[in-house]
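S.K.: I'd like to ask you about the structure that follows.
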Amino acid sequence: MRTGPPAMPGGLRVRLLVLTFGTFLVGTNGFVIAGLLTDIADGLGATPRGVAVSVTVYAGVVAVLAPIVSTVFARMSRTTLMAGGMLVVAAGTAVTACAPDLPLFIVGRAIAAVGGAAMVPTATGTAASLVPPERRARAIALITIGFTLSSTIGSPLGTLIGDAGGWRLPLALVAALSVVAAVGIQLAVRRVPPAASIPMLERLGALRDPRVVLAVVAGTFSVMGFSSTYVYSAEVTRESTGGTGALLAMLMFLYGFGGILGNITAGRLTDRLGSRPIASALLAGHFAALVALPFVVHDLVALSILMVPWGLCALGTGVAIQHRLVSVDPARATANLPWYSTALYLGTSLAPLWGGLALEVVGPPQIPHASAIALPIAMVVFQLGFLIRPRGVGARPEPLTWLHESQHPGHRPARSRGGRDRVVPGGLPHVGDLLDLPARRRRDRGARRVPAAALPPRPRDRRMSVRAAVVERMRRLRPDRMPAPLLAWAVACWLLTAALAVVVLVPGLTDGIVAERVGSSEVIGTFTAPLPLRVLLVLAVGVVGGALVTAALLRATGGSLARAAAVAAGAGFPVLALAAEHRWLSAAAALVLLAVAQVVALRRGSPSLTGVVVAGTWIVLAVAQFSGDADGDWTWIALFGAAAAFAAFGAYYGVARAAESRSALLRPLYRPDLPLLAVLAVVGLVVVLAVLRLTVARELFPAPDPELWTPAERSPLSWAHALAVAVLVAVVAVRSVARPLRRSRARGVTAALAVAGNAHLVLAALGILVGLLVAITTGGVLLLDVPPVVVAALKFAGVTAIVVVALLPPFRGTTARALALVTGAYLVPFTLVGLLAATGSLPDPLVGAAASPVQIALLLLAVAVVAALVPPVRRALGAGLVVRLAVVPFVAVHAGWLLPAAWSELGRIVLVVGVLLALLWFAPKPSADPTAHAAGVLATSGGQLLALTVFALALPSFVDDPAIVVLGLFWLSVAVIAGLVVRTQPGTDDVPTEPRVTAPSPELRGRRTPSA
């Protein structure tokens, strides 16, 4: 029984292929300039940027004339219009090929552009009209493939021909082939009726629909994003190609090959899922590719790999955007589609100007970064089009859909404005037109009308649910939900958060912070910073203290001791810091404010007033910064040191806990019924990625990553250590399949590992506290120089103690024990080797004896490969565990880079954006008690400001510091493996919702349950 759409007739396929060949030539005429840019400039005695202006002229003429030609010649046969357009392309290209100077060269390009303006939109509209509705996106994709092939074959081939026979030869060939295409269109694409006559004012009226305008603007910026780099590809890739035309042609071919995949994939997925998710995903991938491009331009292999996904995302986006223009109003597709041609060529015309500016200002390697700026704009503009439901012109049409009788029990028809029933698609919520319906629904038979009252409620649209969730979370922060004093605190947090975000993100603003370490321990140091930055940071900490104290007092259920402790924690530091610098008058003022805050808190006075007094102590400290000797004093020694310890602990704990919480994205890895094909595909993909990381992609990350991914050079003892850890991971994971572990006490183990891994920062905090007390009592300066051997001893003792505690009976059957045992089996020998090395007593045979996480991941991957290929082993372990043993370790050894990446330039952007969005995520739900709701909002806002303040303070402590790299790659990676490989019972981290499972899990498929 046929389940797919009917096959495309052979004659129709020939028509579409002829049209594709025509668009291929038009695209080649535009793209071939990129590969010949330098040769043309030398031949005409011009500059590369001057020749690039011809691209702007060509694309600009097409952008302006495309809608005009479609209107003026609307009564002409489409066949004649397209054939005539190709002849004009041939004439203009011939003039270009024979041009003796740059002005005539540009004139020829303009003439050819007139023909392109007649050919491209007409061919796209003709293709859409020749096929049934369910194949429109694929027909559009096929025509768009002509442009993709022009970048895959046309431009690289033109570059090779130009390298061999001069730049005029490929242009002459394009002119000759354009004549052939004109003849082919006239012969093959016959009996195509003229398009409906649409006056220019009506065609321009399409722009009255803001959805069309936004789609066109998004298309313009999307095209500008890839064209501004592609036009100057010869300059961008010169470092890796050495100016060789053959290598440049190979890169262009790979880019175009990715574009072909993008067109085919985007066409099919857009027919199935709609244009919104596909365009969003492709724009995001395009942005990531351009951001990564400057980092690999020096490596031909890495650059070649990146060209494929870049082309896929860049050229696949156009299919989704054109589909959007059609789906807005299918009846007006002929009027809407020419505007994409305008967007295509408008973006192409702007690209050389933007890319040329970047070429002069930042240099060729950074042109992709300049190009990437256009893509977030395109994504935002495209998404805005889905938030608009205009009335009148271009309004959403009534859906022409049906409901199959067999689907009657689960669906409900929509209601028209008059209250009458209208037909809705089976299995789908309300959608706007035929193009947004899955093809299988459109092929259903037996449609009939069903009374609305006879059907249950319709399923919610997921997209509307997400949008409603975002709106609902924003409403949680409405000012009218909070009392005025608490609202003032929240606004103060938001303003200072915005100010710190600017400080962290704008290059150069934090360059004035200078850190000078004391002694050989690299634990404690002095810090200096410009006066405005110091004042801003002190005020930020003061607002954090006041806001969090206010929130704590509003929620306080304890006695006087808890209230006094909260106030002391918020206001005690300014008193100590000012006293340590012997600024006795300022210290006395801060002490008086601290005492007032304590009295108000203990008498259960206004929490807002208490917070204001707490913040007042920090204002005193901020005023003291205007003293000439305030820079580099104990205030900054303590603040920077405490921030470094807090940031390292919080980053480790946060990443580890996020991994252990089992994100929804990882739930498929715990399914017991994964099909064999899926298991083989996933394991095979991980094997391919591992091979790439061991070979061509070894240098993607900085040191010490290349050394870690050279496991053949590791000592045999390290492999023995890795094997022992891998065996322990496998044993714990297998046992957890039969008897899922209780998620209990894992937070405590993770926190203890974070403290042990940051032992040097714990010592720093203690040393700073001792130094403050010494400075207050004696006036002397004591900056402890902690020997590395002490740090190593504390790390070894801390890890050993965690393992011993986890062996106690209360930890039996918990994730805490599994986490402690696996991590301890790795870290105890690791820290022992470090301790022996610090004391100078490490025997030569033990040098390099500790395993690396990469070795453990490779061994677990080998276990997964054997289990996937050997049925008895696969049945013994279970399909889900096989996949986890392959995926989790490979991801974990890269997740360790999240810690050092947070301190990179790109990491700053990601972290700041994440902190800003966290306010929406963690904002509390509205409560009947406005004060309780305000306390939750205030705590969230204060935590947001605290995160950015700590990050700004900790920046000089971790920049170029290898300690954070070791913490992330070695301490964090194994903890993530241990937390994700095991299977757990459902429930919270402390109280499971189900009793311990004693029966074999379905994942075992009949395997005998091991003993506890």
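Lettering and numbering for the structure tokens are positional, with chains as A, B, ... in the shown order, residues counted from 1 in each chain, and ligands counted from 1 in the shown order.
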Can you build me a table of region 81-144 of chain A residues sitting at most 8 Å from region 17-24 of chain A, with the closest atom pair per residue and its distance in Å to one decimal, using only C-alpha atoms, sorted by chain and residue number, as a Markdown table?

M.R.:
```
| residue | atom | partner | partner_atom | distance |
| --- | --- | --- | --- | --- |
| A:Met86 | CA | A:Gly22 | CA | 7.3 |
| A:Met119 | CA | A:Thr23 | CA | 7.4 |
| A:Val120 | CA | A:Thr23 | CA | 6.3 |
| A:Ala123 | CA | A:Leu19 | CA | 6.1 |
| A:Leu142 | CA | A:Thr20 | CA | 6.7 |
| A:Ile143 | CA | A:Thr20 | CA | 4.8 |
| A:Thr144 | CA | A:Thr20 | CA | 7.4 |
```

S.K.: Could you take the residues named above and write them with C-alpha atoms, as an mmCIF file, in the first residue's frame?

M.R.:
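Saved the output as selection-v4.cif:
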```cif
data_model
loop_
_atom_site.group_PDB
_atom_site.id
_atom_site.type_symbol
_atom_site.label_atom_id
_atom_site.label_comp_id
_atom_site.auth_asym_id
_atom_site.auth_seq_id
_atom_site.Cartn_x
_atom_site.Cartn_y
_atom_site.Cartn_z
ATOM 1 C CA MET A 86 18.871 34.144 -20.028
ATOM 2 C CA MET A 119 14.934 34.735 -14.615
ATOM 3 C CA VAL A 120 15.197 33.980 -10.906
ATOM 4 C CA ALA A 123 11.628 30.356 -12.303
ATOM 5 C CA LEU A 142 15.260 22.150 -6.329
ATOM 6 C CA ILE A 143 15.344 25.586 -7.975
ATOM 7 C CA THR A 144 17.414 26.928 -5.096
#
```

S.K.: Can you tell me which residues surround Val734 (chain A) at a distance of at most 9 Å, considering only C-alpha atoms, apart from same-chain residues fewer than 5 positions away, and format the answer as a ChimeraX atom specification?

M.R.: /A:729,739,876-878,881,982-983

S.K.: Can you list, as a PDB file with N, CA, C and O atoms, in the first residue's frame, every protein, DNA or RNA residue that comes within 12 Å of region 42-45 of chain A when you count only C-alpha atoms, leaving out same-chain residues fewer than 4 positions away?

M.R.:
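New file result-v9.pdb:
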```
ATOM      1  N   LEU A  36      37.843  34.527  -8.487  1.00  0.00           N
ATOM      2  CA  LEU A  36      38.683  35.224  -9.472  1.00  0.00           C
ATOM      3  C   LEU A  36      38.987  36.656  -9.062  1.00  0.00           C
ATOM      4  O   LEU A  36      39.534  37.420  -9.861  1.00  0.00           O
ATOM      5  N   LEU A  37      38.647  37.014  -7.835  1.00  0.00           N
ATOM      6  CA  LEU A  37      38.714  38.417  -7.417  1.00  0.00           C
ATOM      7  C   LEU A  37      40.109  39.010  -7.605  1.00  0.00           C
ATOM      8  O   LEU A  37      40.279  40.074  -8.219  1.00  0.00           O
ATOM      9  N   THR A  38      41.123  38.318  -7.134  1.00  0.00           N
ATOM     10  CA  THR A  38      42.484  38.841  -7.221  1.00  0.00           C
ATOM     11  C   THR A  38      42.961  38.902  -8.666  1.00  0.00           C
ATOM     12  O   THR A  38      43.588  39.896  -9.091  1.00  0.00           O
ATOM     13  N   ARG A  49      38.940  45.279  -3.573  1.00  0.00           N
ATOM     14  CA  ARG A  49      37.717  45.902  -3.064  1.00  0.00           C
ATOM     15  C   ARG A  49      36.967  46.611  -4.190  1.00  0.00           C
ATOM     16  O   ARG A  49      35.732  46.629  -4.214  1.00  0.00           O
ATOM     17  N   GLY A  50      37.710  47.201  -5.181  1.00  0.00           N
ATOM     18  CA  GLY A  50      37.047  47.839  -6.307  1.00  0.00           C
ATOM     19  C   GLY A  50      36.306  46.836  -7.170  1.00  0.00           C
ATOM     20  O   GLY A  50      35.184  47.093  -7.634  1.00  0.00           O
ATOM     21  N   VAL A  51      36.917  45.662  -7.402  1.00  0.00           N
ATOM     22  CA  VAL A  51      36.233  44.630  -8.177  1.00  0.00           C
ATOM     23  C   VAL A  51      35.021  44.104  -7.416  1.00  0.00           C
ATOM     24  O   VAL A  51      33.983  43.775  -8.018  1.00  0.00           O
ATOM     25  N   THR A  96      31.192  41.635 -20.027  1.00  0.00           N
ATOM     26  CA  THR A  96      32.093  41.563 -18.869  1.00  0.00           C
ATOM     27  C   THR A  96      33.389  40.845 -19.239  1.00  0.00           C
ATOM     28  O   THR A  96      34.483  41.276 -18.849  1.00  0.00           O
ATOM     29  N   ALA A  97      33.261  39.744 -19.972  1.00  0.00           N
ATOM     30  CA  ALA A  97      34.455  38.967 -20.322  1.00  0.00           C
ATOM     31  C   ALA A  97      35.393  39.728 -21.239  1.00  0.00           C
ATOM     32  O   ALA A  97      36.607  39.476 -21.227  1.00  0.00           O
ATOM     33  N   CYS A  98      34.865  40.658 -22.015  1.00  0.00           N
ATOM     34  CA  CYS A  98      35.701  41.401 -22.970  1.00  0.00           C
ATOM     35  C   CYS A  98      36.103  42.780 -22.457  1.00  0.00           C
ATOM     36  O   CYS A  98      36.777  43.536 -23.192  1.00  0.00           O
ATOM     37  N   ALA A  99      35.701  43.137 -21.246  1.00  0.00           N
ATOM     38  CA  ALA A  99      35.935  44.492 -20.746  1.00  0.00           C
ATOM     39  C   ALA A  99      37.418  44.765 -20.574  1.00  0.00           C
ATOM     40  O   ALA A  99      38.132  43.963 -19.965  1.00  0.00           O
ATOM     41  N   PRO A 100      37.901  45.940 -21.089  1.00  0.00           N
ATOM     42  CA  PRO A 100      39.323  46.279 -20.915  1.00  0.00           C
ATOM     43  C   PRO A 100      39.616  46.989 -19.604  1.00  0.00           C
ATOM     44  O   PRO A 100      40.769  47.092 -19.194  1.00  0.00           O
ATOM     45  N   ASP A 101      38.578  47.545 -18.959  1.00  0.00           N
ATOM     46  CA  ASP A 101      38.805  48.291 -17.725  1.00  0.00           C
ATOM     47  C   ASP A 101      37.643  48.049 -16.772  1.00  0.00           C
ATOM     48  O   ASP A 101      36.632  47.432 -17.108  1.00  0.00           O
ATOM     49  N   LEU A 102      37.785  48.564 -15.559  1.00  0.00           N
ATOM     50  CA  LEU A 102      36.791  48.314 -14.515  1.00  0.00           C
ATOM     51  C   LEU A 102      35.429  48.936 -14.817  1.00  0.00           C
ATOM     52  O   LEU A 102      34.403  48.286 -14.587  1.00  0.00           O
ATOM     53  N   PRO A 103      35.317  50.178 -15.328  1.00  0.00           N
ATOM     54  CA  PRO A 103      33.979  50.726 -15.601  1.00  0.00           C
ATOM     55  C   PRO A 103      33.164  49.874 -16.566  1.00  0.00           C
ATOM     56  O   PRO A 103      31.976  49.620 -16.313  1.00  0.00           O
ATOM     57  N   LEU A 104      33.755  49.447 -17.693  1.00  0.00           N
ATOM     58  CA  LEU A 104      33.009  48.626 -18.642  1.00  0.00           C
ATOM     59  C   LEU A 104      32.705  47.254 -18.031  1.00  0.00           C
ATOM     60  O   LEU A 104      31.659  46.661 -18.319  1.00  0.00           O
ATOM     61  N   PHE A 105      33.588  46.757 -17.210  1.00  0.00           N
ATOM     62  CA  PHE A 105      33.351  45.497 -16.498  1.00  0.00           C
ATOM     63  C   PHE A 105      32.083  45.613 -15.648  1.00  0.00           C
ATOM     64  O   PHE A 105      31.228  44.722 -15.648  1.00  0.00           O
ATOM     65  N   ILE A 106      31.951  46.726 -14.948  1.00  0.00           N
ATOM     66  CA  ILE A 106      30.779  46.924 -14.095  1.00  0.00           C
ATOM     67  C   ILE A 106      29.522  47.094 -14.939  1.00  0.00           C
ATOM     68  O   ILE A 106      28.439  46.607 -14.580  1.00  0.00           O
ATOM     69  N   GLY A 162      39.873  29.600 -14.506  1.00  0.00           N
ATOM     70  CA  GLY A 162      40.542  30.893 -14.502  1.00  0.00           C
ATOM     71  C   GLY A 162      41.999  30.791 -14.113  1.00  0.00           C
ATOM     72  O   GLY A 162      42.843  31.538 -14.626  1.00  0.00           O
ATOM     73  N   GLY A 166      43.090  32.009 -17.483  1.00  0.00           N
ATOM     74  CA  GLY A 166      42.794  33.426 -17.304  1.00  0.00           C
ATOM     75  C   GLY A 166      41.359  33.640 -16.878  1.00  0.00           C
ATOM     76  O   GLY A 166      40.475  32.819 -17.124  1.00  0.00           O
ATOM     77  N   TRP A 167      41.088  34.783 -16.243  1.00  0.00           N
ATOM     78  CA  TRP A 167      39.787  35.025 -15.655  1.00  0.00           C
ATOM     79  C   TRP A 167      38.694  35.266 -16.692  1.00  0.00           C
ATOM     80  O   TRP A 167      37.516  35.132 -16.400  1.00  0.00           O
ATOM     81  N   ARG A 168      39.048  35.627 -17.928  1.00  0.00           N
ATOM     82  CA  ARG A 168      38.026  35.895 -18.942  1.00  0.00           C
ATOM     83  C   ARG A 168      37.389  34.608 -19.460  1.00  0.00           C
ATOM     84  O   ARG A 168      36.230  34.623 -19.897  1.00  0.00           O
TER      85      ARG A 168
END
```

S.K.: DSSP on the backbone, alpha helix (DSSP H) only: what residues of region 38-202 of chain A does that give? Format it as a ChimeraX atom specification.

M.R.: /A:38-44,48-72,78-98,102-130,136-149,155-165,168-188,200-202

S.K.: Which residue gives the smallest distance to Val893 (chain A) among A:Ser240, A:Thr122, A:Ser973, A:Gln944, with only C-alpha atoms counted?

M.R.: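 Among A:Ser240, A:Thr122, A:Ser973, A:Gln944, it is A:Ser973 that comes nearest to Val893 (chain A).
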